[in-house]
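Notes follow once the structure below has been shown.
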Amino acid sequence: MDSSTIEIELERGETGLGFNIRGGIDQPYIQHDSGIFVTKLREDGAAAKDGRLKIGDKILTINGTSVEDVEHDYAVDLFIKAGNVVKLLVQPGAERNIMELHESAVYNRPSDKAKDTTSWILPITVLCTAVIGGLYLFKKYR
């Protein structure tokens with residue numbers, strides 16, 4: 001376990017673990033990452049009562065079994081067979097971090113910077129043409 005991960009132990013109880021997951025190599029939740037992500041917390045579930053698991057966290061292991069590069073149903077099956085006490089290794093805020101890194105990489109490409117700095121040219125040209133045309137017509141038919 002490194003500083004960017006936390007271990008969370010949850011007791012299933014009567015209301016269950018209380019969260020939904022999405023992702024997997026067969027149905028990625030986030031483009032460029034096939035991990036398993038928390039997408040919903042039920043307020044009456046064990047995860048919400050514990051308070052550490054959050055929407056957007058990436059689940060790395062379930063009871064010591066890695067869920068990186070696995071199909072979605074495999075991860076779901078691990079949760080079903082996990083028993084009453086479930087130990088998770090989680091990367092908090094992973095969804096946000098991945099999205100920020102991806103957006104930064106996309107935005108910082110030279111071609112995108114060129115598009116961004118010239119994106120105002122067409123609207124200004126159209127506006128100026130309309131104003132000049134309007135002034136011309138105003139003077140001509142006044």
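Ordering of the structure tokens sets the chain letters (A, B, ...), residue numbers begin anew at 1 in every chain, and ligands are numbered from 1 in the order given.
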
For this session: Extract, using only C-alpha atoms, all DNA, RNA and protein residues at most 8 Å from A:Asn20, discarding same-chain residues fewer than 4 positions from it, and format them as a list in words.
Result: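 Near A:Asn20, the qualifying residues are Val38, Thr39, Lys40 and Leu41 of chain A.
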
Exercise. Tell me, which residues of chain A carry DSSP alpha helix (DSSP H), written as number ranges by chain?
Worked result: A: 46-50, 72-80, 94-107, 110-118, 121-140

For this session: Identify, with DSSP run on backbone atoms, the residues in stretch 10-47 of chain A assigned to strand (DSSP E or B), and express the list as a PyMOL selection string.
Result: chain A and resi 10-11+19-23+30+33+36-41

Residue subset to file, keeping N, CA and C atoms, as a PDB file, in the first residue's frame:
```pdb
ATOM      1  N   LEU A  10     -15.146  -3.191   5.427  1.00  0.00           N
ATOM      2  CA  LEU A  10     -16.575  -2.960   5.609  1.00  0.00           C
ATOM      3  C   LEU A  10     -17.267  -4.246   6.013  1.00  0.00           C
ATOM      4  N   GLU A  11     -18.219  -4.125   6.930  1.00  0.00           N
ATOM      5  CA  GLU A  11     -19.047  -5.261   7.298  1.00  0.00           C
ATOM      6  C   GLU A  11     -20.369  -5.139   6.554  1.00  0.00           C
ATOM      7  N   PHE A  19     -22.934   0.343  -2.170  1.00  0.00           N
ATOM      8  CA  PHE A  19     -22.374   1.159  -3.250  1.00  0.00           C
ATOM      9  C   PHE A  19     -22.450   0.408  -4.569  1.00  0.00           C
ATOM     10  N   ASN A  20     -22.442   1.171  -5.652  1.00  0.00           N
ATOM     11  CA  ASN A  20     -22.448   0.617  -6.998  1.00  0.00           C
ATOM     12  C   ASN A  20     -21.090   0.834  -7.638  1.00  0.00           C
ATOM     13  N   ILE A  21     -20.740  -0.074  -8.541  1.00  0.00           N
ATOM     14  CA  ILE A  21     -19.482   0.054  -9.272  1.00  0.00           C
ATOM     15  C   ILE A  21     -19.751   0.030 -10.772  1.00  0.00           C
ATOM     16  N   ARG A  22     -18.825   0.628 -11.507  1.00  0.00           N
ATOM     17  CA  ARG A  22     -18.826   0.550 -12.971  1.00  0.00           C
ATOM     18  C   ARG A  22     -17.385   0.386 -13.404  1.00  0.00           C
ATOM     19  N   GLY A  23     -17.210  -0.137 -14.609  1.00  0.00           N
ATOM     20  CA  GLY A  23     -15.879  -0.274 -15.184  1.00  0.00           C
ATOM     21  C   GLY A  23     -15.533  -1.716 -15.467  1.00  0.00           C
ATOM     22  N   ILE A  30     -14.288   4.951 -17.585  1.00  0.00           N
ATOM     23  CA  ILE A  30     -13.524   6.136 -17.963  1.00  0.00           C
ATOM     24  C   ILE A  30     -12.654   5.771 -19.160  1.00  0.00           C
ATOM     25  N   ASP A  33      -8.984   4.050 -19.039  1.00  0.00           N
ATOM     26  CA  ASP A  33      -8.764   3.362 -17.764  1.00  0.00           C
ATOM     27  C   ASP A  33      -9.851   2.316 -17.588  1.00  0.00           C
ATOM     28  N   ILE A  36     -12.108  -0.399 -11.883  1.00  0.00           N
ATOM     29  CA  ILE A  36     -13.428  -0.506 -11.250  1.00  0.00           C
ATOM     30  C   ILE A  36     -13.615   0.724 -10.353  1.00  0.00           C
ATOM     31  N   PHE A  37     -14.676   1.500 -10.609  1.00  0.00           N
ATOM     32  CA  PHE A  37     -14.892   2.765  -9.911  1.00  0.00           C
ATOM     33  C   PHE A  37     -16.213   2.761  -9.142  1.00  0.00           C
ATOM     34  N   VAL A  38     -16.222   3.444  -8.012  1.00  0.00           N
ATOM     35  CA  VAL A  38     -17.441   3.627  -7.219  1.00  0.00           C
ATOM     36  C   VAL A  38     -18.254   4.733  -7.887  1.00  0.00           C
ATOM     37  N   THR A  39     -19.514   4.417  -8.229  1.00  0.00           N
ATOM     38  CA  THR A  39     -20.348   5.397  -8.933  1.00  0.00           C
ATOM     39  C   THR A  39     -21.567   5.856  -8.132  1.00  0.00           C
ATOM     40  N   LYS A  40     -21.871   5.155  -7.049  1.00  0.00           N
ATOM     41  CA  LYS A  40     -23.036   5.543  -6.248  1.00  0.00           C
ATOM     42  C   LYS A  40     -22.873   4.998  -4.843  1.00  0.00           C
ATOM     43  N   LEU A  41     -23.297   5.777  -3.858  1.00  0.00           N
ATOM     44  CA  LEU A  41     -23.319   5.330  -2.455  1.00  0.00           C
ATOM     45  C   LEU A  41     -24.751   5.412  -1.949  1.00  0.00           C
TER      46      LEU A  41
END
```

Problem set entry | Test item: residues at most 8 Å from A:Gly56, only C-alpha atoms, excluding those fewer than 2 positions along its chain, as a ChimeraX atom specification | /A:37-39,54,58,92-96

Write out the residues from the selection above, keeping all heavy atoms, as a compact mmCIF listing (two decimals), in the first residue's frame.
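Okay, again-v9.txt is ready:
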```txt
# COMPACT_ATOMS: atom_id res chain seq x y z
N PHE A 37 -14.68 1.50 -10.61
CA PHE A 37 -14.89 2.76 -9.91
C PHE A 37 -16.21 2.76 -9.14
O PHE A 37 -17.20 2.18 -9.59
CB PHE A 37 -14.91 3.93 -10.91
CG PHE A 37 -13.59 4.17 -11.55
CD1 PHE A 37 -13.20 3.48 -12.68
CD2 PHE A 37 -12.70 5.09 -11.01
CE1 PHE A 37 -11.97 3.69 -13.28
CE2 PHE A 37 -11.46 5.32 -11.59
CZ PHE A 37 -11.09 4.61 -12.73
N VAL A 38 -16.22 3.44 -8.01
CA VAL A 38 -17.44 3.63 -7.22
C VAL A 38 -18.25 4.73 -7.89
O VAL A 38 -17.76 5.84 -8.12
CB VAL A 38 -17.11 4.02 -5.76
CG1 VAL A 38 -18.38 4.30 -4.97
CG2 VAL A 38 -16.26 2.95 -5.10
N THR A 39 -19.51 4.42 -8.23
CA THR A 39 -20.35 5.40 -8.93
C THR A 39 -21.57 5.86 -8.13
O THR A 39 -22.22 6.82 -8.52
CB THR A 39 -20.84 4.83 -10.28
OG1 THR A 39 -21.57 3.61 -10.04
CG2 THR A 39 -19.67 4.55 -11.20
N LYS A 54 -15.74 6.97 -1.35
CA LYS A 54 -16.43 8.09 -2.01
C LYS A 54 -16.69 7.76 -3.48
O LYS A 54 -15.98 6.95 -4.09
CB LYS A 54 -15.58 9.36 -1.96
CG LYS A 54 -15.11 9.77 -0.58
CD LYS A 54 -16.23 10.33 0.25
CE LYS A 54 -15.69 10.81 1.59
NZ LYS A 54 -16.69 10.91 2.59
N LYS A 58 -11.34 4.52 -6.99
CA LYS A 58 -11.04 3.34 -7.79
C LYS A 58 -10.72 2.18 -6.85
O LYS A 58 -9.88 2.32 -5.96
CB LYS A 58 -9.85 3.62 -8.70
CG LYS A 58 -9.47 2.48 -9.62
CD LYS A 58 -8.31 2.91 -10.53
CE LYS A 58 -7.92 1.83 -11.49
NZ LYS A 58 -6.82 2.28 -12.38
N PRO A 92 -8.32 6.78 -3.57
CA PRO A 92 -9.31 7.85 -3.43
C PRO A 92 -9.20 8.90 -4.54
O PRO A 92 -8.10 9.27 -4.95
CB PRO A 92 -8.97 8.49 -2.08
CG PRO A 92 -8.15 7.47 -1.36
CD PRO A 92 -7.42 6.72 -2.43
N GLY A 93 -10.35 9.37 -5.02
CA GLY A 93 -10.39 10.45 -5.99
C GLY A 93 -9.78 10.12 -7.34
O GLY A 93 -9.47 11.01 -8.13
N ALA A 94 -9.64 8.84 -7.65
CA ALA A 94 -8.96 8.44 -8.89
C ALA A 94 -9.68 8.94 -10.14
O ALA A 94 -9.03 9.37 -11.09
CB ALA A 94 -8.83 6.92 -8.94
N GLU A 95 -11.01 8.90 -10.15
CA GLU A 95 -11.75 9.35 -11.34
C GLU A 95 -11.41 10.80 -11.66
O GLU A 95 -11.08 11.14 -12.79
CB GLU A 95 -13.25 9.19 -11.12
CG GLU A 95 -14.06 9.68 -12.31
CD GLU A 95 -15.56 9.57 -12.10
OE1 GLU A 95 -16.01 9.00 -11.08
OE2 GLU A 95 -16.30 10.08 -12.96
N ARG A 96 -11.46 11.66 -10.66
CA ARG A 96 -11.15 13.08 -10.86
C ARG A 96 -9.70 13.25 -11.34
O ARG A 96 -9.43 13.99 -12.27
CB ARG A 96 -11.38 13.85 -9.56
CG ARG A 96 -11.10 15.35 -9.68
CD ARG A 96 -11.23 16.08 -8.34
NE ARG A 96 -10.18 15.63 -7.43
CZ ARG A 96 -10.39 14.91 -6.33
NH1 ARG A 96 -11.59 14.55 -5.99
NH2 ARG A 96 -9.38 14.55 -5.56
```

Problem set entry | Å distance separating atom CA of A:Asp77 from atom CA of A:Ile8, one decimal place | 18.8 Å

For this session: In Å, rounded to a single decimal, give me how far atom CA of A:Leu88 is from atom CA of A:Asp69.
Result: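 Separating atom CA of A:Asp69 from atom CA of A:Leu88 is a distance of 16.2 Å.
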
For this session: Would you please work out which residue, of A:Lys139, A:Gly16, A:Ala48, A:Gln31, is nearest to A:Glu103 when using only C-alpha atoms?
Result: A:Gln31

Exercise. Looking at only C-alpha atoms, which of A:Thr129, A:Gln91, A:Asn97, A:Ser104 is the one that sits closest to A:Ser4?
Worked result: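 Of A:Thr129, A:Gln91, A:Asn97, A:Ser104, the one nearest A:Ser4 is A:Gln91, counting only C-alpha atoms.
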
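If only C-alpha atoms are the atoms counted, then among A:Ala130, A:Asp57, A:Ile62, A:Val76 the closest residue to A:Thr5 is A:Asp57.
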
For this session: Return the single residue from A:Ile6, A:Val131, A:Ile25, A:Ala46 that is closest to A:Asn84, with distances computed using only C-alpha atoms.
Result: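 Under the stated criterion, the closest residue is A:Ala46.
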
Problem set entry | Contacts of A:Ala47 within 6 Å, only C-alpha atoms, excl. fewer than 6 positions in-chain, as a PyMOL selection string | chain A and resi 17-18+53

Now that the selection is made, can you save its residues with C-alpha atoms as a short mmCIF file (atom, residue, chain, number, x, y, z; two decimals), in the first residue's frame?
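Saved to result05.cif:
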```
data_model
loop_
_atom_site.label_atom_id
_atom_site.label_comp_id
_atom_site.auth_asym_id
_atom_site.auth_seq_id
_atom_site.Cartn_x
_atom_site.Cartn_y
_atom_site.Cartn_z
CA LEU A 17 -22.16 -2.75 1.35
CA GLY A 18 -24.20 0.10 -0.10
CA LEU A 53 -15.35 5.35 0.40
#
```

For this session: For atom CA of A:Ile98 and atom CA of A:Val67, quote the distance in Å rounded to one decimal.
Result: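 Atom CA of A:Val67 lies 17.4 Å from atom CA of A:Ile98.
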